[in-house]
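Report on the structure given below.
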Amino acid sequence: MSTINLDELSNFLDGDQNEYGLDFAATHGFLCALAVGPAFERWLDELFESNQNKAPKEIIEQIKLWLESIRQDLANENGIAFPFEIEEADVESSLGDWSVGFVDAMFLNEDAWFTPECEEQLIDLTLPMMVFSGIDEEDPQMESFRRNGQLMDELAEEIPENLNEIYLMYHTPA
């Protein structure tokens, strides 16, 4: 079995040759949403805007391994390790990019995520990702969150545990 080469992935995803995919941090967010959320079969098509055949095969294989590694960490109750330092709790940061990827994957499979039995809890658990993604920038409540540095720090700290909670919602028997 191959091992993940995060340097190789980062170089490709953050490089000029990646015309269709998300950047490194956003790809990790996208994969995290896939790992914690309900099944989504078309994920690879969506990740590369149906152009995955234009990405090197070894990069596609690395991304698949990365997703499997995230799923394995969750199944082993290790939680998700971020491949970057969360140095700044801001929309314009790696965490902001990560959140864009997470929210993108979530809304691509919106009907499966937002079932009546999960919706209320899911809204609370994904609030930090929604705030950091910059989505709803016209929403006054979201803007007030983003202007409050201490609240942004608190929201950033909630994300790892919220991911575990979301995982349990979709991956444990009812």
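We label chains A, B, ... in the order they appear in the structure tokens, count residues from 1 in each chain, and number ligands from 1 in the order shown.
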
Could you give me, as a ChimeraX atom specification, the residues within 10 Å of A:Glu49, counting only C-alpha atoms and dropping anything in the same chain fewer than 5 positions from it? /A:19-22,43-44

Please provide the set of residues having any atom within 9 Å of A:Met129, restricted to only C-alpha atoms, with same-chain residues fewer than 2 positions apart removed, written as an MDAnalysis selection string. chainID A and resid 95:96 98:100 102:103 125:127 131:134 155:156 159

Run DSSP on the backbone and give me the residues of stretch 4-143 of chain A it puts in helix (DSSP H, G or I), as a compact mmCIF listing (two decimals) with C-alpha atoms, in the first residue's frame.
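Saved the output as part_29.txt:
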# COMPACT_ATOMS: atom_id res chain seq x y z
CA LEU A 6 1.53 15.56 1.79
CA ASP A 7 4.41 17.58 0.31
CA GLU A 8 3.65 16.21 -3.15
CA LEU A 9 -0.06 16.91 -2.69
CA SER A 10 0.57 20.41 -1.40
CA ASN A 11 2.92 21.21 -4.30
CA PHE A 12 0.33 20.08 -6.84
CA LEU A 13 -2.81 21.45 -5.19
CA PHE A 24 -4.37 22.10 -0.36
CA ALA A 25 -6.25 23.39 2.71
CA ALA A 26 -9.61 23.47 0.91
CA THR A 27 -9.07 19.92 -0.40
CA HIS A 28 -8.47 18.74 3.15
CA GLY A 29 -11.70 20.44 4.24
CA PHE A 30 -13.56 18.81 1.34
CA LEU A 31 -12.17 15.38 2.29
CA CYS A 32 -13.02 15.92 5.95
CA ALA A 33 -16.64 16.63 5.02
CA LEU A 34 -16.69 13.43 2.97
CA ALA A 35 -15.22 11.48 5.88
CA VAL A 36 -17.55 12.77 8.60
CA TRP A 43 -17.00 13.39 -4.83
CA LEU A 44 -14.04 13.02 -7.19
CA ASP A 45 -15.99 14.51 -10.11
CA GLU A 46 -16.98 17.45 -7.93
CA LEU A 47 -13.53 17.98 -6.42
CA GLN A 52 -9.91 14.63 -12.63
CA ASN A 53 -8.57 12.93 -15.76
CA LYS A 54 -6.42 16.05 -16.31
CA LYS A 57 -2.94 9.69 -11.68
CA GLU A 58 -0.55 9.66 -8.73
CA ILE A 59 -2.20 12.84 -7.36
CA ILE A 60 -5.65 11.26 -7.62
CA GLU A 61 -4.31 8.17 -5.86
CA GLN A 62 -2.76 10.35 -3.13
CA ILE A 63 -6.08 12.16 -2.60
CA LYS A 64 -7.90 8.83 -2.28
CA LEU A 65 -5.29 7.68 0.25
CA TRP A 66 -5.68 10.94 2.15
CA LEU A 67 -9.44 10.45 2.38
CA GLU A 68 -8.98 6.87 3.55
CA SER A 69 -6.45 8.03 6.16
CA ILE A 70 -8.91 10.62 7.52
CA ARG A 71 -11.66 7.99 7.67
CA GLN A 72 -9.32 5.58 9.45
CA ASP A 73 -8.36 8.21 12.04
CA LEU A 74 -12.04 8.85 12.74
CA ALA A 75 -12.88 5.15 12.97
CA SER A 94 -5.72 28.32 5.89
CA LEU A 95 -8.68 27.62 8.18
CA GLY A 96 -10.84 29.85 5.98
CA ASP A 97 -9.73 27.92 2.89
CA TRP A 98 -10.30 24.62 4.72
CA SER A 99 -13.81 25.74 5.63
CA VAL A 100 -14.60 26.64 2.01
CA GLY A 101 -13.75 23.07 1.00
CA PHE A 102 -15.77 21.61 3.86
CA VAL A 103 -18.85 23.70 3.10
CA ASP A 104 -18.55 22.99 -0.65
CA ALA A 105 -18.63 19.22 -0.05
CA MET A 106 -21.46 19.54 2.45
CA PHE A 107 -23.70 21.55 0.12
CA LEU A 108 -22.96 19.30 -2.88
CA GLU A 110 -27.11 18.83 0.97
CA ASP A 111 -30.15 16.53 0.96
CA ALA A 112 -28.22 13.72 2.61
CA TRP A 113 -26.65 16.05 5.20
CA GLU A 119 -30.73 19.42 10.67
CA GLU A 120 -30.97 21.33 13.96
CA GLN A 121 -27.84 19.77 15.50
CA LEU A 122 -25.97 20.01 12.21
CA ILE A 123 -26.61 23.75 11.94
CA ASP A 124 -24.99 24.24 15.35
CA LEU A 125 -22.06 21.92 14.64
CA THR A 126 -21.25 23.45 11.25
CA LEU A 127 -21.60 27.08 12.34
CA PRO A 128 -17.80 27.51 12.76
CA MET A 129 -17.19 26.19 9.23
CA MET A 130 -19.91 28.44 7.82
CA VAL A 131 -18.44 31.50 9.55
CA PHE A 132 -14.86 30.77 8.43
CA SER A 133 -15.90 29.91 4.87
CA PRO A 140 -25.30 40.71 9.49
CA GLN A 141 -25.06 37.98 12.15
CA MET A 142 -22.23 36.23 10.31
CA GLU A 143 -20.45 39.55 9.87
